[in-house]
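Structure file model_30.cif; described as mmCIF, C-alpha atoms.
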data_model
#
loop_
_atom_site.label_atom_id
_atom_site.label_comp_id
_atom_site.auth_asym_id
_atom_site.auth_seq_id
_atom_site.Cartn_x
_atom_site.Cartn_y
_atom_site.Cartn_z
CA MET A 8 11.50 15.84 2.86
CA THR A 9 14.51 14.21 4.42
CA SER A 10 15.51 13.02 7.81
CA ALA A 11 18.21 15.09 9.45
CA ASP A 12 18.37 13.36 12.85
CA GLY A 13 20.02 10.18 13.99
CA PRO A 14 17.55 7.37 14.59
CA SER A 15 15.74 7.48 17.96
CA ALA A 16 14.80 4.30 19.85
CA LEU A 17 11.14 4.94 19.02
CA ARG A 18 11.94 5.29 15.35
CA LEU A 19 13.93 2.06 15.36
CA ASP A 20 10.99 0.29 17.04
CA LEU A 21 8.60 1.62 14.38
CA GLU A 22 10.95 0.52 11.59
CA ALA A 23 11.35 -2.94 13.16
CA ALA A 24 7.54 -3.32 13.23
CA GLN A 25 7.35 -2.25 9.58
CA LEU A 26 10.04 -4.79 8.61
CA ARG A 27 8.06 -7.55 10.37
CA ARG A 28 4.99 -6.58 8.31
CA LEU A 29 7.10 -6.56 5.15
CA GLU A 30 8.52 -10.00 5.95
CA GLN A 31 5.02 -11.44 6.46
CA ALA A 32 3.68 -9.80 3.29
CA SER A 33 6.67 -11.06 1.29
CA LEU A 34 6.22 -14.62 2.55
CA ILE A 35 2.50 -14.61 1.69
CA GLU A 36 3.08 -13.01 -1.73
CA ALA A 37 5.84 -15.47 -2.64
CA THR A 38 3.81 -18.47 -1.49
CA THR A 39 0.62 -17.49 -3.34
CA LEU A 40 2.67 -16.91 -6.52
CA VAL A 41 4.28 -20.35 -6.24
CA LEU A 42 0.87 -21.97 -5.63
CA LEU A 43 -0.57 -20.12 -8.63
CA VAL A 44 2.27 -20.89 -11.06
CA CYS A 45 3.31 -24.36 -9.87
CA VAL A 46 -0.04 -25.84 -8.83
CA ALA A 47 -3.05 -23.92 -10.18
CA VAL A 48 -1.79 -23.25 -13.73
CA PRO A 49 -0.62 -26.87 -14.38
CA LEU A 50 -3.94 -28.13 -12.96
CA LYS A 51 -5.78 -25.94 -15.43
CA HIS A 52 -3.75 -26.83 -18.52
CA LEU A 53 -2.83 -30.45 -17.79
CA ALA A 54 -5.85 -31.69 -15.86
CA GLY A 55 -8.53 -29.32 -17.19
CA LEU A 56 -9.33 -28.00 -13.69
CA PRO A 57 -9.65 -24.18 -13.88
CA ILE A 58 -10.87 -23.82 -10.28
CA GLY A 59 -7.31 -23.42 -8.93
CA VAL A 60 -6.58 -20.44 -11.18
CA ALA A 61 -10.03 -18.97 -10.50
CA VAL A 62 -9.28 -19.02 -6.77
CA MET A 63 -5.52 -18.41 -6.63
CA GLY A 64 -5.52 -15.67 -9.32
CA PRO A 65 -7.48 -13.10 -7.27
CA VAL A 66 -5.87 -14.29 -3.99
CA HIS A 67 -2.38 -13.74 -5.40
CA GLY A 68 -3.47 -10.44 -6.99
CA LEU A 69 -4.55 -9.13 -3.62
CA ALA A 70 -1.43 -10.53 -1.91
CA PHE A 71 0.77 -8.83 -4.53
CA LEU A 72 -0.99 -5.48 -4.15
CA THR A 73 -0.69 -5.70 -0.36
CA TYR A 74 3.00 -6.59 -0.61
CA GLY A 75 3.72 -3.72 -3.02
CA TRP A 76 1.92 -1.29 -0.73
CA VAL A 77 3.77 -2.51 2.41
CA ALA A 78 7.09 -2.38 0.50
CA ILE A 79 6.42 1.24 -0.53
CA GLN A 80 5.60 2.10 3.10
CA ALA A 81 8.88 0.51 4.22
CA VAL A 82 11.02 2.24 1.59
CA ALA A 83 9.33 5.63 2.12
CA GLY A 84 10.36 5.47 5.80
CA GLY A 85 14.00 5.76 4.69
CA GLY A 86 17.12 3.64 5.17
CA TRP A 87 16.89 1.76 1.84
CA ARG A 88 19.31 2.13 -1.05
CA ARG A 89 17.81 2.32 -4.55
CA PRO A 90 19.08 -1.12 -5.66
CA GLU A 91 17.55 -2.64 -2.51
CA ALA A 92 14.20 -0.95 -3.18
CA ALA A 93 14.28 -2.07 -6.82
CA ARG A 94 15.12 -5.62 -5.74
CA LEU A 95 12.14 -5.65 -3.34
CA LEU A 96 9.75 -4.86 -6.16
CA LEU A 97 11.37 -6.76 -9.05
CA LEU A 98 11.97 -10.11 -7.32
CA ALA A 99 8.34 -10.15 -6.18
CA VAL A 100 7.14 -10.77 -9.75
CA VAL A 101 9.42 -13.80 -10.22
CA PRO A 102 8.26 -17.18 -8.87
CA PHE A 103 10.32 -18.01 -5.74
CA GLY A 104 11.85 -14.49 -5.96
CA GLY A 105 9.97 -13.33 -2.89
CA TYR A 106 11.82 -15.94 -0.81
CA PHE A 107 15.12 -14.33 -1.81
CA ASN A 108 13.74 -10.97 -0.66
CA LEU A 109 13.25 -12.49 2.79
CA ALA A 110 17.03 -12.68 3.20
CA LEU A 111 17.34 -8.95 2.47
CA ILE A 112 14.50 -8.09 4.87
CA ARG A 113 16.02 -10.26 7.62
CA ARG A 114 19.40 -8.58 7.10
CA LYS A 115 17.71 -5.17 7.51
CA LYS A 116 16.03 -6.45 10.69
CA SER A 117 19.32 -7.60 12.12
CA GLU A 118 20.97 -4.26 11.26
CA LEU A 119 18.13 -2.52 13.12
CA GLY A 120 18.54 -4.94 16.02
CA SER A 121 22.23 -4.03 16.25
CA ALA A 122 21.37 -0.32 16.15
CA LEU A 123 18.80 -0.82 18.94
CA ALA A 124 21.31 -2.73 21.06
CA ALA A 125 23.97 -0.04 20.60
CA MET B 18 -25.77 -15.50 -5.02
CA LEU B 19 -23.25 -12.79 -5.90
CA ASP B 20 -25.95 -11.11 -8.01
CA THR B 21 -28.14 -10.58 -4.94
CA LEU B 22 -25.13 -9.32 -3.00
CA TYR B 23 -24.14 -6.86 -5.76
CA PRO B 24 -25.81 -3.71 -4.33
CA TRP B 25 -24.38 -4.48 -0.87
CA LEU B 26 -20.89 -5.08 -2.24
CA LYS B 27 -21.14 -1.85 -4.24
CA ALA B 28 -22.32 0.12 -1.18
CA ALA B 29 -19.47 -1.31 0.92
CA HIS B 30 -16.98 -0.52 -1.88
CA ILE B 31 -18.14 3.11 -2.05
CA ALA B 32 -18.09 3.49 1.75
CA ALA B 33 -14.56 2.02 1.91
CA GLY B 34 -13.53 4.37 -0.94
CA ILE B 35 -14.82 7.38 0.98
CA ALA B 36 -12.86 6.28 4.10
CA PHE B 37 -9.74 5.75 1.96
CA VAL B 38 -9.95 9.16 0.29
CA GLY B 39 -10.72 10.87 3.62
CA GLY B 40 -7.65 9.30 5.21
CA LEU B 41 -5.47 10.06 2.20
CA LEU B 42 -6.50 13.74 2.20
CA THR B 43 -6.06 14.00 5.98
CA GLY B 44 -2.54 12.56 5.74
CA SER B 45 -1.55 14.83 2.85
CA ILE B 46 -2.85 17.95 4.60
CA ALA B 47 -1.09 16.91 7.85
CA LEU B 48 2.22 16.42 6.01
CA ALA B 49 1.88 19.76 4.21
CA THR B 50 1.18 21.43 7.58
CA VAL B 51 4.11 19.98 9.52
CA GLN B 52 6.49 20.68 6.67
CA SER B 53 5.64 24.36 6.80
CA ASP B 54 6.25 24.14 10.58
CA ARG B 55 9.56 23.72 12.40
CA PHE B 56 9.02 20.02 13.03
CA PRO B 57 9.29 18.39 15.51
CA THR B 58 7.49 20.45 18.14
CA PRO B 59 5.52 18.75 20.93
CA ALA B 60 2.23 19.84 19.33
CA SER B 61 3.13 18.71 15.82
CA THR B 62 4.47 15.36 17.08
CA ALA B 63 1.18 14.72 18.92
CA PHE B 64 -0.76 15.77 15.80
CA ILE B 65 1.22 13.38 13.61
CA GLU B 66 0.63 10.54 16.08
CA VAL B 67 -3.15 11.12 15.93
CA VAL B 68 -3.11 11.17 12.11
CA ARG B 69 -0.94 8.05 12.03
CA ALA B 70 -3.28 6.18 14.40
CA TRP B 71 -6.23 7.02 12.12
CA ASP B 72 -4.20 5.90 9.12
CA ARG B 73 -3.47 2.51 10.72
CA ARG B 74 -6.93 1.86 12.15
CA VAL B 75 -9.17 3.23 9.40
CA THR B 76 -7.40 4.13 6.17
CA MET B 77 -5.32 0.96 5.75
CA PRO B 78 -8.25 -1.47 6.27
CA ALA B 79 -10.31 0.77 3.96
CA ILE B 80 -7.74 0.39 1.16
CA LEU B 81 -7.75 -3.38 1.48
CA LEU B 82 -11.57 -3.38 1.35
CA VAL B 83 -11.59 -1.03 -1.66
CA TRP B 84 -9.34 -3.42 -3.60
CA ALA B 85 -10.98 -6.67 -2.50
CA LEU B 86 -14.53 -5.42 -3.13
CA GLY B 87 -13.59 -3.54 -6.30
CA LEU B 88 -11.92 -6.58 -7.87
CA THR B 89 -14.93 -8.74 -6.91
CA LEU B 90 -17.34 -6.26 -8.52
CA ALA B 91 -15.17 -5.98 -11.64
CA LEU B 92 -14.97 -9.77 -12.05
CA GLN B 93 -18.70 -10.09 -11.50
CA GLY B 94 -19.53 -7.38 -14.04
CA HIS B 95 -16.96 -8.63 -16.62
CA TRP B 96 -15.62 -5.07 -16.87
CA PHE B 97 -11.97 -5.93 -17.37
CA ARG B 98 -12.53 -5.76 -21.15
CA SER B 99 -13.79 -2.16 -20.95
CA VAL B 100 -11.63 0.94 -21.33
CA TRP B 101 -12.81 2.81 -18.25
CA LEU B 102 -11.94 0.12 -15.69
CA PRO B 103 -8.20 -0.23 -16.52
CA ALA B 104 -7.98 3.59 -16.58
CA LYS B 105 -9.64 3.74 -13.16
CA LEU B 106 -7.37 0.95 -11.86
CA VAL B 107 -4.24 2.87 -12.86
CA ILE B 108 -5.41 5.94 -10.94
CA VAL B 109 -6.44 3.93 -7.85
CA LEU B 110 -3.10 2.10 -7.99
CA ALA B 111 -1.30 5.48 -8.04
CA LEU B 112 -3.41 6.73 -5.10
CA SER B 113 -2.67 3.51 -3.16
CA ALA B 114 1.06 3.85 -3.88
CA TRP B 115 0.94 7.48 -2.78
CA HIS B 116 -0.76 6.39 0.43
CA GLY B 117 2.14 3.96 0.98
CA VAL B 118 4.62 6.84 0.61
CA GLN B 119 2.60 9.03 3.02
CA SER B 120 2.43 6.20 5.58
CA GLY B 121 6.20 5.76 5.44
CA VAL B 122 6.80 9.48 5.95
CA LEU B 123 4.25 9.63 8.80
CA ARG B 124 6.02 6.70 10.48
CA ARG B 125 9.38 8.45 10.12
CA LEU B 126 7.98 11.68 11.60
CA ALA B 127 6.27 9.76 14.43
CA GLY B 128 9.70 8.35 15.28
CA GLY B 129 10.99 11.89 15.78
CA ALA B 130 12.78 12.50 12.47
CA SER B 131 12.85 16.10 11.33
CA THR B 132 11.71 17.30 7.92
CA ARG B 133 13.19 19.72 5.47
CA GLY B 134 11.60 21.44 2.55
CA GLY B 135 8.77 19.58 0.91
CA ARG B 136 8.22 22.16 -1.82
CA GLY B 137 4.90 21.61 -3.55
CA SER B 138 3.47 19.45 -0.76
CA GLY B 139 0.60 21.95 -0.44
CA ALA B 140 -0.48 20.98 -3.96
CA VAL B 141 -0.75 17.26 -3.12
CA PRO B 142 -4.29 17.39 -1.64
CA PHE B 143 -5.51 19.13 -4.81
CA ALA B 144 -3.84 16.50 -7.00
CA ILE B 145 -5.54 13.78 -4.92
CA LEU B 146 -8.91 15.52 -5.35
CA ALA B 147 -8.39 15.74 -9.13
CA ALA B 148 -7.55 12.02 -9.26
CA VAL B 149 -10.62 11.14 -7.16
CA LEU B 150 -12.85 13.26 -9.40
CA THR B 151 -11.53 11.38 -12.45
CA VAL B 152 -12.15 8.01 -10.75
CA VAL B 153 -15.74 8.98 -9.89
CA LEU B 154 -16.42 10.21 -13.43
CA LEU B 155 -15.02 6.99 -14.92
CA ALA B 156 -17.05 4.81 -12.53
CA VAL B 157 -20.31 6.71 -13.05
CA LEU B 158 -20.15 7.43 -16.79
CA LYS B 159 -18.36 4.17 -17.76
CA PRO B 160 -17.12 5.56 -21.11
CA ALA B 161 -16.67 2.84 -23.79
#
Go ahead and render the structure in this file as structure tokens.
Amino acid sequence: MTSADGPSALRLDLEAAQLRRLEQASLIEATTLVLLVCVAVPLKHLAGLPIGVAVMGPVHGLAFLTYGWVAIQAVAGGGWRRPEAARLLLLAVVPFGGYFNLALIRRKKSELGSALAA
Amino acid sequence: MLDTLYPWLKAAHIAAGIAFVGGLLTGSIALATVQSDRFPTPASTAFIEVVRAWDRRVTMPAILLVWALGLTLALQGHWFRSVWLPAKLVIVLALSAWHGVQSGVLRRLAGGASTRGGRGSGAVPFAILAAVLTVVLLAVLKPA
């Protein structure tokens, strides 16, 4: 299944909306991972307070699943090179990595913006 | 308190699962149909838009509920140490990922892109059914 047409204005709008969702999901995923690794885990091991991990573990798990799912939706719509798709998924498992993905997503948004303006 | 809520959480999890599988099958059948058609035609574009609207309004929230409720039930039942739950999780993860792919393709088609080929797409609904049957057997029989 491949696209054979040039992008229509409607298609660009739909892709822009998907990129906004991906940006939000990436920000939430990256932030919950940082809170889990940099706050909740030290609290558990250094201060003996496991409540942070008990709360942030499932929250981050759900945020990660949602991000992965939104990323797959974005990539399946086309317009992503394989290294970009791999980067989206790999950086998400590294603390602070999700913030670096934001730059890629914003670049894609600006490319779409240019295409819409043209 | 979670113990009293257990049957309600389980009922909501099953209902969300049914909505998820229904949407997943609908999307896969829709994609198989338009790929055997000369897409885009006005009728097929309208059909894809209807399927996509259902996907956004019903199937996507259902998937989030399936995961949130399923993980809550698994934590409550301490089933992460069993064999059946990780096996079930792998299959549900694959179905969720496949839904992500379908959503992306539906979005592309809704934007007016044309399709080509798609050999074997008619087999996808049957593969989804086989995966769902395995998930149900694992959840009901709870082997090991």
Selection: 8 Å around segment 83-86 of chain A, only C-alpha atoms, excl. self and same-chain fewer than 4 positions, as a list in words:
Glu22 and Ile79 of chain A; Gly117, Val118, Gln119, Ser120, Gly121, Val122, Leu123, Arg124 and Arg125 of chain B
Counting all atoms listed in the file, a student should be able to say which residues of chain B come within 9 Å of chain A; what is the right answer, written as a ChimeraX atom specification?
/B:52,81,84-85,88-89,110,113-136
Those same residues - C-alpha atoms - I'd like them written as a short mmCIF file (atom, residue, chain, number, x, y, z; two decimals), in the frame of the given file.
data_model
loop_
_atom_site.label_atom_id
_atom_site.label_comp_id
_atom_site.auth_asym_id
_atom_site.auth_seq_id
_atom_site.Cartn_x
_atom_site.Cartn_y
_atom_site.Cartn_z
CA GLN B 52 6.49 20.68 6.67
CA LEU B 81 -7.75 -3.38 1.48
CA TRP B 84 -9.34 -3.42 -3.60
CA ALA B 85 -10.98 -6.67 -2.50
CA LEU B 88 -11.92 -6.58 -7.87
CA THR B 89 -14.93 -8.74 -6.91
CA LEU B 110 -3.10 2.10 -7.99
CA SER B 113 -2.67 3.51 -3.16
CA ALA B 114 1.06 3.85 -3.88
CA TRP B 115 0.94 7.48 -2.78
CA HIS B 116 -0.76 6.39 0.43
CA GLY B 117 2.14 3.96 0.98
CA VAL B 118 4.62 6.84 0.61
CA GLN B 119 2.60 9.03 3.02
CA SER B 120 2.43 6.20 5.58
CA GLY B 121 6.20 5.76 5.44
CA VAL B 122 6.80 9.48 5.95
CA LEU B 123 4.25 9.63 8.80
CA ARG B 124 6.02 6.70 10.48
CA ARG B 125 9.38 8.45 10.12
CA LEU B 126 7.98 11.68 11.60
CA ALA B 127 6.27 9.76 14.43
CA GLY B 128 9.70 8.35 15.28
CA GLY B 129 10.99 11.89 15.78
CA ALA B 130 12.78 12.50 12.47
CA SER B 131 12.85 16.10 11.33
CA THR B 132 11.71 17.30 7.92
CA ARG B 133 13.19 19.72 5.47
CA GLY B 134 11.60 21.44 2.55
CA GLY B 135 8.77 19.58 0.91
CA ARG B 136 8.22 22.16 -1.82
#
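Our summary of the geometry notes that atom CA of Val101 of chain A is positioned 26.2 Å from atom CA of Glu118 of chain A.
One finds atom CA of Asp20 of chain B at 24.7 Å from atom CA of Pro78 of chain B.
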Result set, the PyMOL selection byres ((chain B and resi 65-71) around 8) on current file, as a ChimeraX atom specification
/B:40,43-44,47,61-64,72-76,120,123-124,126-127
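Once the PyMOL selection byres ((chain A and resi 97-99) around 8) is applied to the depicted file, the selected set reads Ser33, Glu36, Ala37, Phe71, Ala93, Arg94, Leu95, Leu96, Val100, Val101, Pro102, Gly104, Gly105, Phe107 and Asn108 of chain A.
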Expected answer as an MDAnalysis selection string: all residues with atoms within 6 Å of (11.0, -17.2, 4.2), all atoms listed in the file:
chainID A and resid 34 106 109
Go ahead and write the residues just picked, C-alpha atoms, as a PDB file, in the coordinates of the input.
ATOM      1  CA  LEU A  34       6.220 -14.620   2.550  1.00  0.00           C
ATOM      2  CA  TYR A 106      11.820 -15.940  -0.810  1.00  0.00           C
ATOM      3  CA  LEU A 109      13.250 -12.490   2.790  1.00  0.00           C
TER       4      LEU A 109
END
